[in-house]
>>> print(open('structure12.pdb').read())   # PDB, C-alpha atoms (C1' of nucleotides)
ATOM      1  CA  MET I1048      14.669 -31.140 -34.438
ATOM      2  CA  ASN I1049      14.376 -33.498 -31.462
ATOM      3  CA  ILE I1050      15.371 -37.118 -31.691
ATOM      4  CA  GLY I1051      11.746 -38.245 -31.706
ATOM      5  CA  GLU I1052      10.910 -36.313 -34.811
ATOM      6  CA  VAL I1053      14.053 -37.267 -36.696
ATOM      7  CA  ALA I1054      13.428 -40.889 -35.722
ATOM      8  CA  ARG I1055       9.908 -40.773 -37.077
ATOM      9  CA  ARG I1056      10.946 -39.056 -40.284
ATOM     10  CA  ALA I1057      13.981 -41.257 -40.916
ATOM     11  CA  GLY I1058      12.128 -44.407 -39.964
ATOM     12  CA  LEU I1059      14.650 -45.423 -37.321
ATOM     13  CA  PRO I1060      14.207 -45.966 -33.571
ATOM     14  CA  PRO I1061      15.629 -43.242 -31.307
ATOM     15  CA  LYS I1062      17.810 -45.890 -29.676
ATOM     16  CA  THR I1063      19.395 -46.685 -33.001
ATOM     17  CA  ILE I1064      20.067 -43.027 -33.700
ATOM     18  CA  ARG I1065      21.769 -42.601 -30.328
ATOM     19  CA  TYR I1066      23.810 -45.662 -31.143
ATOM     20  CA  TYR I1067      24.828 -44.179 -34.493
ATOM     21  CA  GLU I1068      25.984 -41.069 -32.704
ATOM     22  CA  GLU I1069      27.902 -43.147 -30.178
ATOM     23  CA  ILE I1070      29.859 -44.899 -32.929
ATOM     24  CA  GLY I1071      30.495 -41.638 -34.746
ATOM     25  CA  LEU I1072      28.222 -41.954 -37.763
ATOM     26  CA  ILE I1073      26.519 -38.660 -37.006
ATOM     27  CA  CYS I1074      27.202 -35.793 -34.676
ATOM     28  CA  PRO I1075      24.120 -33.696 -33.890
ATOM     29  CA  ASP I1076      24.340 -30.409 -31.995
ATOM     30  CA  ARG I1077      23.213 -30.112 -28.403
ATOM     31  CA  ARG I1078      20.817 -27.628 -26.905
ATOM     32  CA  ASP I1079      21.347 -25.936 -23.566
ATOM     33  CA  ASN I1080      19.110 -28.509 -21.909
ATOM     34  CA  GLY I1081      21.236 -31.356 -23.235
ATOM     35  CA  TYR I1082      18.780 -32.438 -25.911
ATOM     36  CA  ARG I1083      20.201 -33.418 -29.273
ATOM     37  CA  ASP I1084      19.342 -30.948 -32.020
ATOM     38  CA  PHE I1085      19.238 -32.513 -35.477
ATOM     39  CA  ALA I1086      19.500 -30.534 -38.698
ATOM     40  CA  GLU I1087      18.073 -31.613 -42.039
ATOM     41  CA  THR I1088      21.511 -32.850 -43.045
ATOM     42  CA  HIS I1089      21.468 -35.262 -40.133
ATOM     43  CA  LEU I1090      18.060 -36.464 -41.166
ATOM     44  CA  HIS I1091      19.312 -37.123 -44.673
ATOM     45  CA  LYS I1092      22.368 -38.957 -43.416
ATOM     46  CA  LEU I1093      20.241 -41.132 -41.169
ATOM     47  CA  ALA I1094      17.850 -41.969 -43.980
ATOM     48  CA  PHE I1095      20.842 -42.803 -46.170
ATOM     49  CA  ILE I1096      22.221 -45.125 -43.516
ATOM     50  CA  GLY I1097      18.818 -46.661 -42.999
ATOM     51  CA  ARG I1098      18.578 -47.516 -46.664
ATOM     52  CA  ALA I1099      22.062 -48.918 -46.816
ATOM     53  CA  ARG I1100      21.361 -51.030 -43.726
ATOM     54  CA  ALA I1101      18.132 -52.254 -45.299
ATOM     55  CA  LEU I1102      20.197 -53.477 -48.234
ATOM     56  CA  GLY I1103      22.351 -55.412 -45.794
ATOM     57  CA  PHE I1104      25.479 -53.272 -45.772
ATOM     58  CA  THR I1105      27.375 -53.438 -42.507
ATOM     59  CA  ILE I1106      27.795 -50.364 -40.361
ATOM     60  CA  ASP I1107      31.380 -50.060 -41.503
ATOM     61  CA  GLU I1108      30.310 -50.196 -45.118
ATOM     62  CA  CYS I1109      27.707 -47.544 -44.368
ATOM     63  CA  ARG I1110      30.480 -45.413 -42.973
ATOM     64  CA  THR I1111      32.449 -45.823 -46.176
ATOM     65  CA  LEU I1112      29.389 -45.194 -48.329
ATOM     66  CA  LEU I1113      28.612 -42.019 -46.402
ATOM     67  CA  ALA I1114      32.190 -40.824 -46.854
ATOM     68  CA  LEU I1115      32.006 -41.541 -50.581
ATOM     69  CA  TYR I1116      28.664 -39.806 -50.777
ATOM     70  CA  GLU I1117      30.159 -36.694 -49.259
ATOM     71  CA  ASP I1118      33.337 -36.852 -51.298
ATOM     72  CA  GLU I1119      32.713 -34.869 -54.457
ATOM     73  CA  GLY I1120      35.870 -36.290 -55.976
ATOM     74  CA  ARG I1121      34.975 -39.946 -55.512
ATOM     75  CA  GLU I1122      35.165 -42.433 -58.342
ATOM     76  CA  SER I1123      31.969 -44.364 -58.899
ATOM     77  CA  ALA I1124      34.167 -47.432 -59.431
ATOM     78  CA  GLU I1125      34.854 -47.531 -55.727
ATOM     79  CA  VAL I1126      31.181 -47.464 -54.837
ATOM     80  CA  LYS I1127      30.400 -50.079 -57.417
ATOM     81  CA  GLN I1128      33.139 -52.353 -56.104
ATOM     82  CA  LEU I1129      31.747 -52.098 -52.590
ATOM     83  CA  ALA I1130      28.265 -52.870 -53.839
ATOM     84  CA  GLN I1131      29.454 -55.791 -55.933
ATOM     85  CA  ASP I1132      31.332 -57.299 -53.019
ATOM     86  CA  HIS I1133      28.197 -57.050 -50.959
ATOM     87  CA  LEU I1134      26.170 -58.557 -53.764
ATOM     88  CA  ALA I1135      28.545 -61.512 -53.795
ATOM     89  CA  ARG I1136      28.077 -61.907 -50.049
ATOM     90  CA  ILE I1137      24.323 -61.873 -50.463
ATOM     91  CA  ASP I1138      24.557 -64.492 -53.191
ATOM     92  CA  ALA I1139      26.723 -66.698 -51.001
ATOM     93  CA  LYS I1140      24.258 -66.380 -48.155
ATOM     94  CA  ILE I1141      21.328 -67.198 -50.417
ATOM     95  CA  ALA I1142      23.138 -70.269 -51.720
ATOM     96  CA  GLU I1143      23.886 -71.396 -48.176
ATOM     97  CA  LEU I1144      20.260 -70.988 -47.159
ATOM     98  CA  GLN I1145      19.066 -72.811 -50.240
ATOM     99  CA  ASP I1146      21.329 -75.728 -49.384
ATOM    100  CA  MET I1147      19.897 -75.822 -45.881
ATOM    101  CA  ARG I1148      16.439 -75.548 -47.289
ATOM    102  CA  ALA I1149      16.906 -78.435 -49.685
ATOM    103  CA  THR I1150      18.233 -80.774 -46.997
ATOM    104  CA  LEU I1151      15.597 -79.788 -44.490
ATOM    105  CA  ALA I1152      12.741 -79.970 -46.997
ATOM    106  CA  HIS I1153      13.895 -83.434 -47.983
ATOM    107  CA  LEU I1154      13.741 -84.580 -44.368
ATOM    108  CA  VAL I1155      10.392 -82.906 -43.784
ATOM    109  CA  ARG I1156       8.867 -84.585 -46.820
ATOM    110  CA  ALA I1157      10.001 -87.971 -45.543
ATOM    111  CA  CYS I1158       8.422 -87.469 -42.124
ATOM    112  CA  ALA I1159       4.895 -88.706 -41.557
ATOM    113  CA  GLY I1160       4.270 -86.142 -38.848
ATOM    114  CA  ASP I1161       1.779 -88.239 -36.932
ATOM    115  CA  GLU I1162       1.499 -89.704 -33.455
ATOM    116  CA  ARG I1163       4.174 -92.341 -34.031
ATOM    117  CA  PRO I1164       7.737 -91.836 -32.825
ATOM    118  CA  ASP I1165       9.483 -92.905 -36.037
ATOM    119  CA  CYS I1166      11.024 -89.791 -37.510
ATOM    120  CA  PRO I1167      13.309 -89.468 -40.511
ATOM    121  CA  ILE I1168      14.187 -85.943 -39.443
ATOM    122  CA  LEU I1169      15.705 -87.107 -36.174
ATOM    123  CA  ALA I1170      17.222 -90.089 -37.944
ATOM    124  CA  GLY I1171      18.801 -87.774 -40.483
ATOM    125  CA  LEU I1172      20.278 -85.621 -37.748
ATOM    126  CA  ALA I1173      21.532 -88.647 -35.852
ATOM    127  CA  HIS I1174      22.940 -90.525 -38.801
ATOM    128  CA  THR I1175      26.331 -88.919 -38.787
ATOM    129  CA  ALA I1176      29.394 -90.265 -40.469
ATOM    130  CA  LEU I1177      31.680 -89.875 -37.481
ATOM    131  CA  SER I1178      35.404 -89.918 -37.935
ATOM    132  CA  GLN I1179      37.032 -92.998 -36.541
ATOM    133  CA  GLY I1180      39.831 -93.324 -34.006
TER     134      GLY I1180
ATOM    135  CA  MET R 856      37.946 -89.466 -24.750
ATOM    136  CA  ASN R 857      39.570 -86.052 -24.439
ATOM    137  CA  ILE R 858      37.970 -82.936 -25.815
ATOM    138  CA  GLY R 859      40.442 -82.766 -28.680
ATOM    139  CA  GLU R 860      39.498 -86.162 -30.002
ATOM    140  CA  VAL R 861      35.771 -85.660 -29.631
ATOM    141  CA  ALA R 862      36.150 -82.273 -31.310
ATOM    142  CA  ARG R 863      37.933 -83.791 -34.257
ATOM    143  CA  ARG R 864      35.473 -86.643 -34.599
ATOM    144  CA  ALA R 865      32.384 -84.496 -34.187
ATOM    145  CA  GLY R 866      33.754 -81.776 -36.408
ATOM    146  CA  LEU R 867      33.327 -79.049 -33.808
ATOM    147  CA  PRO R 868      35.923 -76.774 -32.187
ATOM    148  CA  PRO R 869      36.824 -77.580 -28.566
ATOM    149  CA  LYS R 870      35.657 -74.091 -27.616
ATOM    150  CA  THR R 871      32.224 -74.818 -28.964
ATOM    151  CA  ILE R 872      32.015 -78.074 -27.059
ATOM    152  CA  ARG R 873      32.963 -76.357 -23.810
ATOM    153  CA  TYR R 874      30.298 -73.784 -24.564
ATOM    154  CA  TYR R 875      27.728 -76.518 -25.121
ATOM    155  CA  GLU R 876      28.600 -77.957 -21.746
ATOM    156  CA  GLU R 877      28.344 -74.539 -20.135
ATOM    157  CA  ILE R 878      24.791 -74.075 -21.430
ATOM    158  CA  GLY R 879      23.808 -77.563 -20.416
ATOM    159  CA  LEU R 880      23.545 -79.323 -23.764
ATOM    160  CA  ILE R 881      25.955 -82.036 -22.692
ATOM    161  CA  CYS R 882      27.478 -83.121 -19.416
ATOM    162  CA  PRO R 883      30.700 -85.096 -19.810
ATOM    163  CA  ASP R 884      32.392 -86.828 -16.881
ATOM    164  CA  ARG R 885      35.551 -85.466 -15.351
ATOM    165  CA  ARG R 886      38.790 -87.278 -14.696
ATOM    166  CA  ASP R 887      40.856 -86.847 -11.555
ATOM    167  CA  ASN R 888      43.066 -84.355 -13.344
ATOM    168  CA  GLY R 889      40.065 -82.198 -14.216
ATOM    169  CA  TYR R 890      40.006 -83.164 -17.886
ATOM    170  CA  ARG R 891      36.614 -83.788 -19.444
ATOM    171  CA  ASP R 892      36.022 -87.425 -20.323
ATOM    172  CA  PHE R 893      33.593 -87.915 -23.204
ATOM    173  CA  ALA R 894      31.755 -91.145 -23.911
ATOM    174  CA  GLU R 895      30.502 -92.269 -27.309
ATOM    175  CA  THR R 896      27.035 -91.011 -26.376
ATOM    176  CA  HIS R 897      28.440 -87.519 -25.947
ATOM    177  CA  LEU R 898      30.107 -87.768 -29.310
ATOM    178  CA  HIS R 899      26.824 -88.742 -30.919
ATOM    179  CA  LYS R 900      24.959 -85.930 -29.215
ATOM    180  CA  LEU R 901      27.555 -83.418 -30.358
ATOM    181  CA  ALA R 902      27.425 -84.664 -33.920
ATOM    182  CA  PHE R 903      23.630 -84.450 -33.761
ATOM    183  CA  ILE R 904      23.816 -80.881 -32.540
ATOM    184  CA  GLY R 905      26.406 -80.040 -35.151
ATOM    185  CA  ARG R 906      24.116 -81.250 -37.906
ATOM    186  CA  ALA R 907      21.116 -79.423 -36.531
ATOM    187  CA  ARG R 908      23.178 -76.234 -36.247
ATOM    188  CA  ALA R 909      24.383 -76.686 -39.813
ATOM    189  CA  LEU R 910      20.741 -76.730 -40.864
ATOM    190  CA  GLY R 911      20.271 -73.417 -39.107
ATOM    191  CA  PHE R 912      18.362 -74.527 -36.023
ATOM    192  CA  THR R 913      18.972 -72.318 -33.011
ATOM    193  CA  ILE R 914      20.604 -73.704 -29.904
ATOM    194  CA  ASP R 915      17.241 -73.777 -28.173
ATOM    195  CA  GLU R 916      15.759 -75.755 -31.040
ATOM    196  CA  CYS R 917      18.690 -78.135 -30.857
ATOM    197  CA  ARG R 918      17.911 -78.614 -27.194
ATOM    198  CA  THR R 919      14.330 -79.482 -28.057
ATOM    199  CA  LEU R 920      15.391 -81.741 -30.914
ATOM    200  CA  LEU R 921      17.798 -83.582 -28.628
ATOM    201  CA  ALA R 922      15.066 -84.052 -26.046
ATOM    202  CA  LEU R 923      12.714 -85.397 -28.693
ATOM    203  CA  TYR R 924      15.453 -87.640 -30.011
ATOM    204  CA  GLU R 925      15.896 -89.156 -26.583
ATOM    205  CA  ASP R 926      12.181 -89.405 -25.877
ATOM    206  CA  GLU R 927      11.064 -92.819 -27.107
ATOM    207  CA  GLY R 928       7.430 -91.771 -26.770
ATOM    208  CA  ARG R 929       7.686 -88.646 -28.939
ATOM    209  CA  GLU R 930       5.284 -87.995 -31.772
ATOM    210  CA  SER R 931       6.950 -87.332 -35.089
ATOM    211  CA  ALA R 932       4.364 -84.599 -35.619
ATOM    212  CA  GLU R 933       6.146 -82.459 -33.056
ATOM    213  CA  VAL R 934       9.495 -82.837 -34.785
ATOM    214  CA  LYS R 935       7.943 -82.145 -38.145
ATOM    215  CA  GLN R 936       6.275 -79.008 -36.839
ATOM    216  CA  LEU R 937       9.560 -77.708 -35.511
ATOM    217  CA  ALA R 938      11.256 -78.436 -38.821
ATOM    218  CA  GLN R 939       8.475 -76.821 -40.821
ATOM    219  CA  ASP R 940       8.592 -73.693 -38.713
ATOM    220  CA  HIS R 941      12.294 -73.496 -39.332
ATOM    221  CA  LEU R 942      11.771 -74.101 -43.012
ATOM    222  CA  ALA R 943       9.367 -71.166 -43.089
ATOM    223  CA  ARG R 944      11.986 -69.009 -41.387
ATOM    224  CA  ILE R 945      14.562 -70.030 -43.953
ATOM    225  CA  ASP R 946      12.148 -69.205 -46.768
ATOM    226  CA  ALA R 947      11.446 -65.810 -45.255
ATOM    227  CA  LYS R 948      15.142 -65.106 -44.981
ATOM    228  CA  ILE R 949      15.770 -66.208 -48.553
ATOM    229  CA  ALA R 950      12.965 -63.957 -49.774
ATOM    230  CA  GLU R 951      14.390 -61.031 -47.814
ATOM    231  CA  LEU R 952      17.830 -61.584 -49.268
ATOM    232  CA  GLN R 953      16.440 -61.912 -52.760
ATOM    233  CA  ASP R 954      14.665 -58.584 -52.354
ATOM    234  CA  MET R 955      17.898 -56.992 -51.222
ATOM    235  CA  ARG R 956      19.702 -58.635 -54.084
ATOM    236  CA  ALA R 957      17.248 -57.371 -56.681
ATOM    237  CA  THR R 958      17.431 -53.778 -55.460
ATOM    238  CA  LEU R 959      21.184 -53.820 -55.147
ATOM    239  CA  ALA R 960      21.731 -55.520 -58.491
ATOM    240  CA  HIS R 961      19.545 -52.904 -60.126
ATOM    241  CA  LEU R 962      21.667 -50.115 -58.683
ATOM    242  CA  VAL R 963      24.902 -51.868 -59.588
ATOM    243  CA  ARG R 964      23.805 -52.342 -63.196
ATOM    244  CA  ALA R 965      23.032 -48.646 -63.452
ATOM    245  CA  CYS R 966      26.459 -47.604 -62.183
ATOM    246  CA  ALA R 967      29.213 -46.971 -64.689
ATOM    247  CA  GLY R 968      31.901 -47.836 -62.196
ATOM    248  CA  ASP R 969      34.521 -45.603 -63.697
ATOM    249  CA  GLU R 970      36.606 -42.631 -62.588
ATOM    250  CA  ARG R 971      33.676 -40.206 -62.595
ATOM    251  CA  PRO R 972      31.856 -39.298 -59.407
ATOM    252  CA  ASP R 973      28.304 -39.726 -60.734
ATOM    253  CA  CYS R 974      26.900 -42.764 -59.033
ATOM    254  CA  PRO R 975      23.356 -44.140 -59.207
ATOM    255  CA  ILE R 976      24.096 -46.357 -56.213
ATOM    256  CA  LEU R 977      24.759 -43.389 -53.946
ATOM    257  CA  ALA R 978      21.878 -41.529 -55.551
ATOM    258  CA  GLY R 979      19.582 -44.446 -54.855
ATOM    259  CA  LEU R 980      20.629 -44.542 -51.224
ATOM    260  CA  ALA R 981      20.235 -40.794 -50.858
ATOM    261  CA  HIS R 982      16.947 -40.469 -52.645
ATOM    262  CA  THR R 983      14.736 -41.148 -49.673
ATOM    263  CA  ALA R 984      11.098 -40.285 -49.390
ATOM    264  CA  LEU R 985      11.325 -38.620 -46.009
ATOM    265  CA  SER R 986       8.238 -38.092 -43.921
ATOM    266  CA  GLN R 987       7.244 -34.487 -43.625
ATOM    267  CA  GLY R 988       6.492 -32.397 -40.540
TER     268      GLY R 988
ATOM    269  C1'  DT M   4       0.867 -23.783  -8.185
ATOM    270  C1'  DA M   5       0.865 -28.607  -8.245
ATOM    271  C1'  DT M   6       0.856 -32.393 -10.979
ATOM    272  C1'  DA M   7       0.577 -35.584 -14.687
ATOM    273  C1'  DG M   8       2.182 -37.025 -19.040
ATOM    274  C1'  DG M   9       5.378 -37.467 -22.444
ATOM    275  C1'  DG M  10       9.911 -36.864 -24.177
ATOM    276  C1'  DC M  11      14.617 -36.467 -23.346
ATOM    277  C1'  DT M  12      19.179 -37.846 -21.012
ATOM    278  C1'  DT M  13      22.786 -41.365 -19.431
ATOM    279  C1'  DC M  14      24.255 -45.814 -18.069
ATOM    280  C1'  DC M  15      24.132 -50.743 -17.607
ATOM    281  C1'  DA M  16      23.024 -55.187 -19.132
ATOM    282  C1'  DG M  17      21.458 -58.571 -22.395
ATOM    283  C1'  DT M  18      21.075 -60.582 -26.998
ATOM    284  C1'  DC M  19      23.299 -65.086 -30.109
ATOM    285  C1'  DA M  20      26.735 -68.399 -30.500
ATOM    286  C1'  DC M  21      30.647 -68.539 -30.085
ATOM    287  C1'  DG M  22      36.182 -66.982 -30.751
ATOM    288  C1'  DG M  23      40.652 -65.012 -28.965
ATOM    289  C1'  DG M  24      43.904 -64.996 -25.741
ATOM    290  C1'  DA M  25      46.089 -65.103 -21.095
ATOM    291  C1'  DA M  26      47.677 -67.726 -17.147
ATOM    292  C1'  DG M  27      48.570 -71.945 -15.594
ATOM    293  C1'  DG M  28      48.150 -77.315 -14.760
ATOM    294  C1'  DT M  29      49.094 -82.160 -17.135
ATOM    295  C1'  DC M  30      51.112 -85.581 -19.823
ATOM    296  C1'  DA M  31      54.097 -88.246 -23.097
ATOM    297  C1'  DA M  32      58.422 -88.260 -25.624
ATOM    298  C1'  DG M  33      63.197 -87.554 -26.052
TER     299       DG M  33
ATOM    300  C1'  DC E1360      64.716 -82.265 -17.332
ATOM    301  C1'  DT E1361      62.851 -80.033 -20.885
ATOM    302  C1'  DT E1362      59.958 -79.441 -24.725
ATOM    303  C1'  DG E1363      55.671 -79.118 -26.738
ATOM    304  C1'  DA E1364      51.060 -80.461 -27.162
ATOM    305  C1'  DC E1365      47.101 -80.708 -24.693
ATOM    306  C1'  DC E1366      43.974 -79.451 -21.088
ATOM    307  C1'  DT E1367      41.773 -76.109 -17.566
ATOM    308  C1'  DT E1368      39.328 -71.620 -16.200
ATOM    309  C1'  DC E1369      38.451 -66.824 -16.794
ATOM    310  C1'  DC E1370      37.472 -62.676 -19.091
ATOM    311  C1'  DC E1371      36.728 -59.818 -23.029
ATOM    312  C1'  DG E1372      35.042 -58.911 -27.788
ATOM    313  C1'  DT E1373      31.980 -59.612 -31.709
ATOM    314  C1'  DG E1374      27.416 -56.776 -34.563
ATOM    315  C1'  DA E1375      23.983 -53.946 -34.196
ATOM    316  C1'  DC E1376      21.262 -52.975 -31.638
ATOM    317  C1'  DT E1377      17.240 -53.480 -27.620
ATOM    318  C1'  DG E1378      15.295 -53.159 -22.911
ATOM    319  C1'  DG E1379      15.041 -51.058 -18.757
ATOM    320  C1'  DA E1380      16.132 -48.083 -14.756
ATOM    321  C1'  DA E1381      16.844 -43.538 -12.774
ATOM    322  C1'  DG E1382      16.282 -39.033 -13.390
ATOM    323  C1'  DC E1383      15.848 -34.257 -15.857
ATOM    324  C1'  DC E1384      12.826 -31.168 -18.986
ATOM    325  C1'  DC E1385       8.740 -29.197 -20.876
ATOM    326  C1'  DT E1386       3.930 -28.338 -21.520
ATOM    327  C1'  DA E1387      -0.883 -28.513 -20.437
ATOM    328  C1'  DT E1388      -4.406 -28.681 -17.302
ATOM    329  C1'  DA E1389      -6.957 -28.512 -12.685
TER     330       DA E1389
END
>>> encode(input="structure12.pdb", output="structure tokens")
Amino acid sequence: MNIGEVARRAGLPPKTIRYYEEIGLICPDRRDNGYRDFAETHLHKLAFIGRARALGFTIDECRTLLALYEDEGRESAEVKQLAQDHLARIDAKIAELQDMRATLAHLVRACAGDERPDCPILAGLAHTALSQG
Amino acid sequence: MNIGEVARRAGLPPKTIRYYEEIGLICPDRRDNGYRDFAETHLHKLAFIGRARALGFTIDECRTLLALYEDEGRESAEVKQLAQDHLARIDAKIAELQDMRATLAHLVRACAGDERPDCPILAGLAHTALSQG
DNA sequence: TATAGGGCTTCCAGTCACGGGAAGGTCAAG
DNA sequence: CTTGACCTTCCCGTGACTGGAAGCCCTATA
């Protein structure tokens, strides 16, 4: 299977697949003409990685997840721990964004948004409690 | 004022302040010995930028916000538009993370997390609907 | 047989917003 | 005179790709 087909079927850009090979996530065969030759197993791995990436796992975590996936003797506890850590990271990020959102929405609500220069948004950004001396 | 003091008072690392100079956000004077010499105006600008960055605005948006801040003839509508666009981006990001969170939490709940290898998380990642042909 | 196109290859550079660290100059205190 | 904190520039690395150039390969058509 050429890279174009595997890209289409896995839902990843060819560039990304080459990158995954470069960093050692997959290792497709090569044909005599130098073209990469992907097997179904590669396709499955790539789809697996694509899903994990879509859930926000880092590349390194994907590497670990792939290794666990291929390790018949794994303990599901290890996978679950990884997923829970990531879940905590997602929650922290959501909380951070919600804080930003609240502050920004507050400023936006206070701003008339007309032709006059008075602007609580700019005032809010400027009104800093600077440390002294 | 040396970079260390302005860094402390603005709450930004010296490295970041040098970077902001490099990309033209600020332009402090120089002393004979080559040291940067920051005025209060620089401090205020840096604090302004720091706040805008903390709200998630990009550097380019900070540049625009600074320009608007210094433009006495601005219209608050322009600031508000910028802020609303950013707010929409934040909302989109929150929604994306919440989607991730829901999927991941579902998988985590289904996983026993014990010494056995059976793992719905890995199964969920592997169970891809691959395109055919 | 020539050619046109699409797909494949590698390599290099850029993204965003810094952070780490090296090599070296400057300054105040003891 | 030395110590140590501070300052300078310069270069590389981050994460996960993305864009683009230069050039080879393969197939179909005129």
>>> closest_residue(input="structure12.pdb", among="M:DA32, M:DA16, M:DC21, M:DA26", to="DG1372 (chain E)", atoms="only C-alpha atoms (C1' of nucleotides)")
M:DC21
>>> closest_atom_pairs(input="structure12.pdb", of="chain E", to="chain R", cutoff="12 Å", atoms="only C-alpha atoms (C1' of nucleotides)", output="JSON lines")
{"residue": "E:DA1364", "atom": "C1'", "partner": "R:Gly859", "partner_atom": "CA", "distance": 11.0}
{"residue": "E:DC1365", "atom": "C1'", "partner": "R:Gly859", "partner_atom": "CA", "distance": 8.0}
{"residue": "E:DC1366", "atom": "C1'", "partner": "R:Tyr890", "partner_atom": "CA", "distance": 6.3}
{"residue": "E:DT1367", "atom": "C1'", "partner": "R:Gly889", "partner_atom": "CA", "distance": 7.2}
{"residue": "E:DT1368", "atom": "C1'", "partner": "R:Gly889", "partner_atom": "CA", "distance": 10.8}
>>> residues_around(input="structure12.pdb", residues="DG1363 (chain E)", least_positions_apart="4", cutoff="12 Å", atoms="all atoms listed in the file", output="list of chain:residue names")
M:DC30, M:DA31, M:DA32, M:DG33
>>> atom_distance(input="structure12.pdb", atom1="CA of Pro883 (chain R)", atom2="CA of Met856 (chain R)")
9.8 Å
>>> residues_around(input="structure12.pdb", residues="Leu1113 (chain I)", least_positions_apart="4", cutoff="10 Å", atoms="all atoms listed in the file", output="ChimeraX atom specification")
/I:1072,1092-1093,1095-1096,1099,1107-1109,1117-1118 /R:977,980-981
>>> resolve_selection(input="structure12.pdb", expression="the PyMOL selection byres ((chain M) within 10 of (chain I))", output="list in words")
DG10, DC11 and DT12 of chain M
>>> resolve_selection(input="structure12.pdb", expression="the PyMOL selection byres ((chain R) within 6 of (chain I))", output="PyMOL selection string")
chain R and resi 864+903+906+910+929-932+935+949+955+968-972+974+980-981+985-986
>>> residues_around(input="structure12.pdb", residues="DG1374 (chain E)", least_positions_apart="6", cutoff="12 Å", atoms="all atoms listed in the file", output="list in words")
Phe1104, Thr1105, Ile1106 and Asp1107 of chain I; DT18 and DC19 of chain M
>>> build_atoms(input="structure12.pdb", residues="region 1137-1141 of chain I", atoms="all heavy atoms", output="short mmCIF file (atom, residue, chain, number, x, y, z; two decimals), in the frame of the given file")
data_model
loop_
_atom_site.label_atom_id
_atom_site.label_comp_id
_atom_site.auth_asym_id
_atom_site.auth_seq_id
_atom_site.Cartn_x
_atom_site.Cartn_y
_atom_site.Cartn_z
N ILE I 1137 25.74 -61.53 -50.48
CA ILE I 1137 24.32 -61.87 -50.46
C ILE I 1137 24.09 -63.18 -51.23
O ILE I 1137 23.40 -64.07 -50.75
CB ILE I 1137 23.48 -60.74 -51.09
CG1 ILE I 1137 23.48 -59.51 -50.18
CG2 ILE I 1137 22.04 -61.21 -51.32
CD1 ILE I 1137 22.74 -58.31 -50.76
N ASP I 1138 24.72 -63.28 -52.39
CA ASP I 1138 24.56 -64.49 -53.19
C ASP I 1138 25.06 -65.72 -52.44
O ASP I 1138 24.43 -66.78 -52.46
CB ASP I 1138 25.31 -64.35 -54.52
CG ASP I 1138 24.55 -63.45 -55.48
OD1 ASP I 1138 23.35 -63.23 -55.25
OD2 ASP I 1138 25.15 -62.96 -56.46
N ALA I 1139 26.18 -65.57 -51.76
CA ALA I 1139 26.72 -66.70 -51.00
C ALA I 1139 25.76 -67.10 -49.90
O ALA I 1139 25.53 -68.29 -49.64
CB ALA I 1139 28.09 -66.32 -50.41
N LYS I 1140 25.20 -66.11 -49.25
CA LYS I 1140 24.26 -66.38 -48.16
C LYS I 1140 23.00 -67.07 -48.68
O LYS I 1140 22.49 -68.01 -48.07
CB LYS I 1140 23.91 -65.06 -47.46
CG LYS I 1140 23.09 -65.21 -46.19
CD LYS I 1140 23.93 -65.80 -45.07
CE LYS I 1140 23.08 -66.17 -43.87
NZ LYS I 1140 23.85 -66.95 -42.87
N ILE I 1141 22.51 -66.58 -49.81
CA ILE I 1141 21.33 -67.20 -50.42
C ILE I 1141 21.62 -68.66 -50.77
O ILE I 1141 20.82 -69.55 -50.48
CB ILE I 1141 20.89 -66.42 -51.68
CG1 ILE I 1141 20.29 -65.06 -51.30
CG2 ILE I 1141 19.87 -67.23 -52.49
CD1 ILE I 1141 19.95 -64.16 -52.49
#
